[in-house]
Structure formats: C-alpha cells, structure tokens
file run17.cif (mmCIF, N, CA and C atoms)
data_structure
#
loop_
_atom_site.label_atom_id
_atom_site.label_comp_id
_atom_site.auth_asym_id
_atom_site.auth_seq_id
_atom_site.Cartn_x
_atom_site.Cartn_y
_atom_site.Cartn_z
N MET S 1 108.90 84.18 119.47
CA MET S 1 109.61 83.68 118.30
C MET S 1 111.12 83.73 118.62
N PRO S 2 111.83 82.63 118.37
CA PRO S 2 113.28 82.63 118.63
C PRO S 2 114.00 83.65 117.75
N LEU S 3 115.16 84.08 118.24
CA LEU S 3 115.93 85.10 117.54
C LEU S 3 116.32 84.67 116.13
N TRP S 4 116.68 83.39 115.96
CA TRP S 4 117.10 82.95 114.63
C TRP S 4 115.96 83.00 113.63
N LYS S 5 114.72 82.78 114.09
CA LYS S 5 113.58 82.87 113.19
C LYS S 5 113.31 84.31 112.78
N LYS S 6 113.48 85.25 113.72
CA LYS S 6 113.33 86.66 113.39
C LYS S 6 114.38 87.08 112.37
N ASN S 7 115.62 86.66 112.60
CA ASN S 7 116.70 87.00 111.66
C ASN S 7 116.44 86.40 110.28
N LEU S 8 115.99 85.16 110.25
CA LEU S 8 115.68 84.51 108.97
C LEU S 8 114.57 85.26 108.24
N LEU S 9 113.55 85.66 108.97
CA LEU S 9 112.45 86.40 108.37
C LEU S 9 112.93 87.73 107.79
N ILE S 10 113.75 88.44 108.53
CA ILE S 10 114.26 89.74 108.08
C ILE S 10 115.16 89.57 106.86
N VAL S 11 116.05 88.57 106.88
CA VAL S 11 116.94 88.34 105.74
C VAL S 11 116.14 87.91 104.52
N TRP S 12 115.16 87.04 104.71
CA TRP S 12 114.32 86.60 103.59
C TRP S 12 113.58 87.78 102.99
N LEU S 13 112.99 88.60 103.84
CA LEU S 13 112.25 89.77 103.37
C LEU S 13 113.16 90.74 102.61
N GLY S 14 114.36 90.97 103.14
CA GLY S 14 115.31 91.85 102.47
C GLY S 14 115.74 91.32 101.12
N SER S 15 116.01 90.03 101.04
CA SER S 15 116.39 89.42 99.76
C SER S 15 115.25 89.46 98.76
N PHE S 16 114.05 89.20 99.23
CA PHE S 16 112.88 89.24 98.35
C PHE S 16 112.67 90.64 97.80
N LEU S 17 112.71 91.64 98.66
CA LEU S 17 112.48 93.02 98.22
C LEU S 17 113.58 93.50 97.27
N THR S 18 114.81 93.09 97.52
CA THR S 18 115.91 93.48 96.64
C THR S 18 115.76 92.83 95.28
N ALA S 19 115.47 91.54 95.25
CA ALA S 19 115.29 90.85 93.96
C ALA S 19 114.08 91.41 93.21
N ALA S 20 113.02 91.70 93.94
CA ALA S 20 111.83 92.28 93.30
C ALA S 20 112.13 93.66 92.73
N SER S 21 112.87 94.45 93.47
CA SER S 21 113.16 95.80 92.98
C SER S 21 114.08 95.77 91.76
N MET S 22 114.97 94.77 91.69
CA MET S 22 115.81 94.64 90.50
C MET S 22 114.98 94.26 89.29
N SER S 23 113.88 93.54 89.50
CA SER S 23 113.04 93.09 88.40
C SER S 23 111.94 94.09 88.04
N LEU S 24 111.53 94.91 88.99
CA LEU S 24 110.42 95.82 88.73
C LEU S 24 110.81 97.01 87.84
N VAL S 25 112.06 97.09 87.49
CA VAL S 25 112.49 98.15 86.58
C VAL S 25 112.08 97.83 85.14
N LEU S 26 111.76 96.59 84.86
CA LEU S 26 111.46 96.15 83.50
C LEU S 26 110.38 96.95 82.80
N PRO S 27 109.23 97.25 83.42
CA PRO S 27 108.21 98.00 82.68
C PRO S 27 108.63 99.42 82.31
N PHE S 28 109.55 100.00 83.06
CA PHE S 28 109.95 101.39 82.83
C PHE S 28 111.21 101.52 81.99
N LEU S 29 111.93 100.44 81.82
CA LEU S 29 113.19 100.48 81.09
C LEU S 29 113.03 100.95 79.64
N PRO S 30 112.05 100.46 78.88
CA PRO S 30 111.89 100.96 77.51
C PRO S 30 111.60 102.46 77.46
N LEU S 31 110.82 102.95 78.40
CA LEU S 31 110.54 104.39 78.43
C LEU S 31 111.80 105.19 78.72
N PHE S 32 112.62 104.69 79.63
CA PHE S 32 113.86 105.35 79.97
C PHE S 32 114.83 105.34 78.79
N ILE S 33 114.87 104.22 78.07
CA ILE S 33 115.76 104.12 76.91
C ILE S 33 115.31 105.06 75.80
N GLU S 34 114.01 105.23 75.64
CA GLU S 34 113.53 106.22 74.67
C GLU S 34 113.96 107.62 75.06
N GLU S 35 113.92 107.92 76.34
CA GLU S 35 114.36 109.24 76.82
C GLU S 35 115.85 109.45 76.59
N LEU S 36 116.61 108.36 76.47
CA LEU S 36 118.04 108.47 76.23
C LEU S 36 118.37 108.64 74.75
N GLY S 37 117.35 108.68 73.89
CA GLY S 37 117.58 109.00 72.48
C GLY S 37 117.40 107.84 71.51
N VAL S 38 116.99 106.68 71.96
CA VAL S 38 116.74 105.56 71.05
C VAL S 38 115.25 105.57 70.73
N HIS S 39 114.92 105.80 69.45
CA HIS S 39 113.52 105.98 69.10
C HIS S 39 112.93 104.86 68.23
N ASP S 40 113.78 104.08 67.57
CA ASP S 40 113.28 102.97 66.77
C ASP S 40 112.75 101.88 67.72
N PRO S 41 111.49 101.45 67.55
CA PRO S 41 110.92 100.47 68.49
C PRO S 41 111.72 99.17 68.60
N ASP S 42 112.27 98.70 67.49
CA ASP S 42 113.08 97.48 67.54
C ASP S 42 114.35 97.69 68.36
N ASP S 43 114.97 98.85 68.19
CA ASP S 43 116.17 99.15 68.96
C ASP S 43 115.85 99.32 70.45
N VAL S 44 114.70 99.90 70.75
CA VAL S 44 114.30 100.06 72.15
C VAL S 44 114.14 98.70 72.81
N VAL S 45 113.52 97.76 72.10
CA VAL S 45 113.33 96.41 72.64
C VAL S 45 114.68 95.73 72.84
N THR S 46 115.55 95.86 71.86
CA THR S 46 116.87 95.24 71.95
C THR S 46 117.67 95.80 73.12
N TRP S 47 117.74 97.13 73.22
CA TRP S 47 118.49 97.75 74.31
C TRP S 47 117.87 97.46 75.67
N SER S 48 116.56 97.35 75.73
CA SER S 48 115.89 97.00 76.99
C SER S 48 116.29 95.60 77.43
N ALA S 49 116.30 94.68 76.49
CA ALA S 49 116.68 93.31 76.81
C ALA S 49 118.14 93.23 77.26
N ILE S 50 119.01 93.95 76.56
CA ILE S 50 120.43 93.95 76.93
C ILE S 50 120.63 94.55 78.31
N ALA S 51 120.01 95.69 78.55
CA ALA S 51 120.18 96.38 79.84
C ALA S 51 119.59 95.56 80.98
N PHE S 52 118.45 94.92 80.76
CA PHE S 52 117.83 94.14 81.82
C PHE S 52 118.62 92.86 82.08
N GLY S 53 118.98 92.16 81.03
CA GLY S 53 119.68 90.88 81.19
C GLY S 53 121.11 91.00 81.67
N ALA S 54 121.73 92.15 81.41
CA ALA S 54 123.13 92.34 81.79
C ALA S 54 123.34 92.18 83.29
N THR S 55 122.43 92.72 84.06
CA THR S 55 122.56 92.65 85.52
C THR S 55 122.57 91.21 86.00
N PHE S 56 121.63 90.42 85.53
CA PHE S 56 121.49 89.05 86.02
C PHE S 56 122.57 88.14 85.45
N LEU S 57 123.05 88.42 84.23
CA LEU S 57 124.14 87.63 83.66
C LEU S 57 125.40 87.79 84.50
N VAL S 58 125.78 89.03 84.77
CA VAL S 58 126.99 89.27 85.56
C VAL S 58 126.81 88.78 86.99
N ALA S 59 125.62 88.96 87.55
CA ALA S 59 125.36 88.48 88.92
C ALA S 59 125.53 86.96 89.00
N ALA S 60 125.10 86.24 87.99
CA ALA S 60 125.25 84.79 87.98
C ALA S 60 126.71 84.38 87.92
N ILE S 61 127.52 85.18 87.25
CA ILE S 61 128.94 84.86 87.12
C ILE S 61 129.69 85.15 88.41
N VAL S 62 129.41 86.28 89.06
CA VAL S 62 130.19 86.68 90.24
C VAL S 62 129.60 86.21 91.57
N SER S 63 128.40 85.66 91.57
CA SER S 63 127.79 85.20 92.83
C SER S 63 128.63 84.18 93.59
N PRO S 64 129.24 83.21 92.92
CA PRO S 64 130.09 82.29 93.68
C PRO S 64 131.26 83.01 94.38
N LEU S 65 131.79 84.02 93.75
CA LEU S 65 132.86 84.79 94.37
C LEU S 65 132.37 85.49 95.63
N TRP S 66 131.22 86.15 95.55
CA TRP S 66 130.67 86.84 96.72
C TRP S 66 130.27 85.84 97.80
N GLY S 67 129.77 84.68 97.42
CA GLY S 67 129.42 83.65 98.39
C GLY S 67 130.64 83.15 99.15
N ARG S 68 131.72 82.90 98.43
CA ARG S 68 132.96 82.46 99.08
C ARG S 68 133.50 83.54 100.00
N LEU S 69 133.48 84.78 99.53
CA LEU S 69 133.96 85.89 100.35
C LEU S 69 133.08 86.07 101.59
N ALA S 70 131.79 85.84 101.45
CA ALA S 70 130.88 85.93 102.61
C ALA S 70 131.21 84.84 103.63
N ASP S 71 131.56 83.65 103.15
CA ASP S 71 131.94 82.59 104.07
C ASP S 71 133.23 82.93 104.81
N GLN S 72 134.14 83.62 104.14
CA GLN S 72 135.43 83.95 104.76
C GLN S 72 135.36 85.19 105.64
N LYS S 73 134.71 86.25 105.16
CA LYS S 73 134.73 87.54 105.86
C LYS S 73 133.49 87.81 106.69
N GLY S 74 132.42 87.10 106.41
CA GLY S 74 131.19 87.32 107.15
C GLY S 74 130.08 87.79 106.23
N ARG S 75 128.91 87.28 106.48
CA ARG S 75 127.76 87.61 105.63
C ARG S 75 127.28 89.04 105.82
N LYS S 76 127.34 89.51 107.05
CA LYS S 76 126.87 90.87 107.32
C LYS S 76 127.68 91.89 106.52
N LEU S 77 128.99 91.72 106.49
CA LEU S 77 129.85 92.63 105.73
C LEU S 77 129.52 92.60 104.24
N MET S 78 129.25 91.42 103.72
CA MET S 78 128.93 91.30 102.30
C MET S 78 127.55 91.89 101.98
N LEU S 79 126.60 91.76 102.90
CA LEU S 79 125.29 92.36 102.67
C LEU S 79 125.37 93.88 102.70
N ILE S 80 126.17 94.42 103.58
CA ILE S 80 126.37 95.88 103.62
C ILE S 80 127.06 96.34 102.35
N ARG S 81 128.09 95.60 101.90
CA ARG S 81 128.80 95.95 100.67
C ARG S 81 127.85 95.92 99.48
N ALA S 82 127.05 94.89 99.40
CA ALA S 82 126.11 94.76 98.27
C ALA S 82 125.08 95.88 98.31
N SER S 83 124.56 96.18 99.48
CA SER S 83 123.55 97.24 99.60
C SER S 83 124.11 98.60 99.20
N LEU S 84 125.28 98.92 99.71
CA LEU S 84 125.90 100.21 99.37
C LEU S 84 126.27 100.28 97.89
N GLY S 85 126.79 99.18 97.36
CA GLY S 85 127.15 99.15 95.94
C GLY S 85 125.95 99.32 95.04
N MET S 86 124.87 98.62 95.33
CA MET S 86 123.67 98.72 94.50
C MET S 86 123.01 100.09 94.65
N ALA S 87 123.01 100.64 95.85
CA ALA S 87 122.43 101.98 96.04
C ALA S 87 123.22 103.02 95.27
N THR S 88 124.54 102.89 95.27
CA THR S 88 125.39 103.83 94.53
C THR S 88 125.13 103.72 93.04
N VAL S 89 125.07 102.50 92.53
CA VAL S 89 124.84 102.31 91.09
C VAL S 89 123.46 102.82 90.69
N MET S 90 122.45 102.55 91.50
CA MET S 90 121.11 103.03 91.17
C MET S 90 121.07 104.56 91.15
N THR S 91 121.80 105.19 92.04
CA THR S 91 121.88 106.65 92.03
C THR S 91 122.57 107.13 90.76
N LEU S 92 123.65 106.48 90.39
CA LEU S 92 124.38 106.88 89.17
C LEU S 92 123.54 106.66 87.92
N ILE S 93 122.67 105.66 87.91
CA ILE S 93 121.82 105.40 86.74
C ILE S 93 120.94 106.61 86.44
N SER S 94 120.57 107.35 87.45
CA SER S 94 119.71 108.50 87.21
C SER S 94 120.43 109.63 86.46
N PHE S 95 121.75 109.53 86.34
CA PHE S 95 122.53 110.57 85.67
C PHE S 95 123.06 110.15 84.29
N VAL S 96 122.68 108.97 83.79
CA VAL S 96 123.24 108.51 82.51
C VAL S 96 122.79 109.41 81.36
N GLN S 97 123.61 109.46 80.33
CA GLN S 97 123.34 110.29 79.16
C GLN S 97 123.02 109.47 77.92
N ASP S 98 123.41 108.20 77.88
CA ASP S 98 123.10 107.35 76.73
C ASP S 98 122.96 105.90 77.17
N VAL S 99 122.55 105.04 76.25
CA VAL S 99 122.27 103.65 76.60
C VAL S 99 123.53 102.88 76.95
N TYR S 100 124.67 103.28 76.41
CA TYR S 100 125.92 102.59 76.74
C TYR S 100 126.26 102.77 78.21
N GLN S 101 126.07 103.96 78.72
CA GLN S 101 126.30 104.19 80.15
C GLN S 101 125.30 103.40 80.98
N LEU S 102 124.06 103.32 80.53
CA LEU S 102 123.04 102.56 81.24
C LEU S 102 123.42 101.09 81.32
N VAL S 103 123.79 100.51 80.19
CA VAL S 103 124.17 99.10 80.17
C VAL S 103 125.42 98.88 81.03
N GLY S 104 126.38 99.78 80.96
CA GLY S 104 127.59 99.67 81.78
C GLY S 104 127.27 99.68 83.26
N LEU S 105 126.38 100.57 83.67
CA LEU S 105 126.01 100.62 85.09
C LEU S 105 125.17 99.41 85.49
N ARG S 106 124.35 98.91 84.59
CA ARG S 106 123.58 97.69 84.91
C ARG S 106 124.53 96.49 85.03
N LEU S 107 125.59 96.46 84.22
CA LEU S 107 126.61 95.43 84.38
C LEU S 107 127.30 95.56 85.73
N LEU S 108 127.63 96.78 86.10
CA LEU S 108 128.26 97.03 87.39
C LEU S 108 127.34 96.64 88.54
N MET S 109 126.05 96.90 88.40
CA MET S 109 125.11 96.53 89.45
C MET S 109 125.10 95.02 89.64
N GLY S 110 125.16 94.28 88.56
CA GLY S 110 125.23 92.83 88.69
C GLY S 110 126.52 92.37 89.36
N ALA S 111 127.60 93.10 89.08
CA ALA S 111 128.89 92.73 89.66
C ALA S 111 128.96 93.01 91.16
N VAL S 112 128.30 94.05 91.62
CA VAL S 112 128.38 94.39 93.05
C VAL S 112 127.25 93.79 93.87
N SER S 113 126.27 93.18 93.23
CA SER S 113 125.11 92.72 94.01
C SER S 113 125.52 91.62 94.98
N GLY S 114 125.35 90.38 94.67
CA GLY S 114 125.79 89.29 95.53
C GLY S 114 125.07 89.19 96.86
N PHE S 115 123.88 89.73 96.98
CA PHE S 115 123.17 89.69 98.26
C PHE S 115 122.57 88.32 98.53
N ILE S 116 122.14 87.62 97.50
CA ILE S 116 121.52 86.29 97.69
C ILE S 116 122.58 85.26 98.06
N SER S 117 123.73 85.32 97.40
CA SER S 117 124.78 84.34 97.71
C SER S 117 125.35 84.55 99.11
N ALA S 118 125.30 85.79 99.61
CA ALA S 118 125.78 86.03 100.98
C ALA S 118 124.79 85.48 101.97
#
call {"tool": "encode", "arguments": {"input": "run17.cif", "output": "structure tokens"}}
result
Amino acid sequence: MPLWKKNLLIVWLGSFLTAASMSLVLPFLPLFIEELGVHDPDDVVTWSAIAFGATFLVAAIVSPLWGRLADQKGRKLMLIRASLGMATVMTLISFVQDVYQLVGLRLLMGAVSGFISA
C-alpha cells in the first residue's frame, strides 16, 4: 500500500474516532447533569441539549479559521493543537461543579477542536 494511502487511512480513522467520541457523550450527558444538581426532568433535557449542541455550534463557526490556519501553518500542527486542546478540556470537564461550567467547557471544546477542517 502506498504511503499516502496509509496516511489517508490513519487520518480518516482518527477523524472518525474523534467525531464519534464527541457524539457518544450524548447518552451520559443527562445523567451527568443530574449529578450536577439539576433534578427537574425538563431542565435536564434542556441543559443536555444546550451542552451537547454548544460544542458543534462553536465548532461550525471556528472551523474555517482553523482550516485557514492549517493551510498556512501546516495540518500536523493544527491536529496536535486540536488533540491537546480537546484532551485538556475533556479532563477539565471531569472537575465541573455546575452546568454553567459544563456548558462553558463544551463551548471551549468546540472552539479548540478544528480537527476535521485541518
């Protein structure tokens, strides 16, 4: 297999796993929000939707910026930046105390992602 096909396969697999992992949090998000002190079922649904959608909303807005920066500075650098940024945010999410911090960090995760556009 040529080198470019191996690289394409690895990048595709990495992008797929990253996108899947960002989406697989959905079934557990309502449980996590309940643990943060929101007990009304309607509020849990609302906060879950806000927290889940926030990441993808911000990612859609900043992706062109990360794509342009990847064209200028290099894709590898942007993929490393996105990986480290998302790993840091995911670690910080485990320490949140309320839903506002959760939504803020999910917004930040969308802002630092940019792995697909790179």
call {"tool": "closest_residue", "arguments": {"input": "run17.cif", "among": "S:Gln101, S:Ser23, S:Thr88, S:Ser83", "to": "Phe56 of chain S", "atoms": "only C-alpha atoms"}}
result
S:Ser23
call {"tool": "atom_distance", "arguments": {"input": "run17.cif", "atom1": "atom N of Val11 of chain S", "atom2": "atom CA of Leu92 of chain S"}}
result
26.8 Å
call {"tool": "resolve_selection", "arguments": {"input": "run17.cif", "expression": "the PyMOL selection byres ((chain S and resi 51) around 8)", "output": "ChimeraX atom specification"}}
result
/S:45-50,52-56,99,102-104,106-107
call {"tool": "residues_around", "arguments": {"input": "run17.cif", "residues": "Met86 of chain S", "least_positions_apart": "3", "cutoff": "10 Å", "atoms": "only C-alpha atoms", "output": "list in words"}}
result
Thr18, Met22, Ile80, Arg81, Ala82, Ser83, Val89, Met90, Thr91, Leu92, Leu105, Arg106, Leu108, Met109, Gly110, Ala111, Val112, Ser113, Gly114 and Phe115 of chain S
call {"tool": "select_by_dssp", "arguments": {"input": "run17.cif", "residues": "chain S", "states": "helix (DSSP H, G or I)", "output": "JSON, numbers by chain"}}
result
{"S": [3, 4, 5, 6, 7, 8, 9, 10, 11, 12, 13, 14, 15, 16, 17, 18, 19, 20, 21, 22, 23, 29, 30, 31, 32, 33, 34, 35, 41, 42, 43, 44, 45, 46, 47, 48, 49, 50, 51, 52, 53, 54, 55, 56, 57, 58, 59, 60, 61, 62, 63, 64, 65, 66, 67, 68, 69, 70, 71, 72, 73, 75, 76, 77, 78, 79, 80, 81, 82, 83, 84, 85, 86, 87, 88, 89, 90, 91, 92, 93, 99, 100, 101, 102, 103, 104, 105, 106, 107, 108, 109, 110, 111, 112]}
call {"tool": "atom_distance", "arguments": {"input": "run17.cif", "atom1": "atom CA of Trp12 of chain S", "atom2": "atom C of Leu26 of chain S"}}
result
23.6 Å
call {"tool": "residues_around", "arguments": {"input": "run17.cif", "residues": "Leu69 of chain S", "least_positions_apart": "4", "cutoff": "12 Å", "atoms": "only C-alpha atoms", "output": "MDAnalysis selection string"}}
result
chainID S and resid 62:65 73:79 81 114:115 117:118
call {"tool": "axis_aligned_box", "arguments": {"input": "run17.cif", "around": "segment 7-21 of chain S", "padding_each_side": "5 Å", "output": "JSON"}}
result
{"center_x": 114.4, "center_y": 90.2, "center_z": 102.2, "size_x": 15.1, "size_y": 21.3, "size_z": 30.8}
call {"tool": "atom_distance", "arguments": {"input": "run17.cif", "atom1": "atom C of Ala19 of chain S", "atom2": "atom N of Val58 of chain S"}}
result
14.6 Å
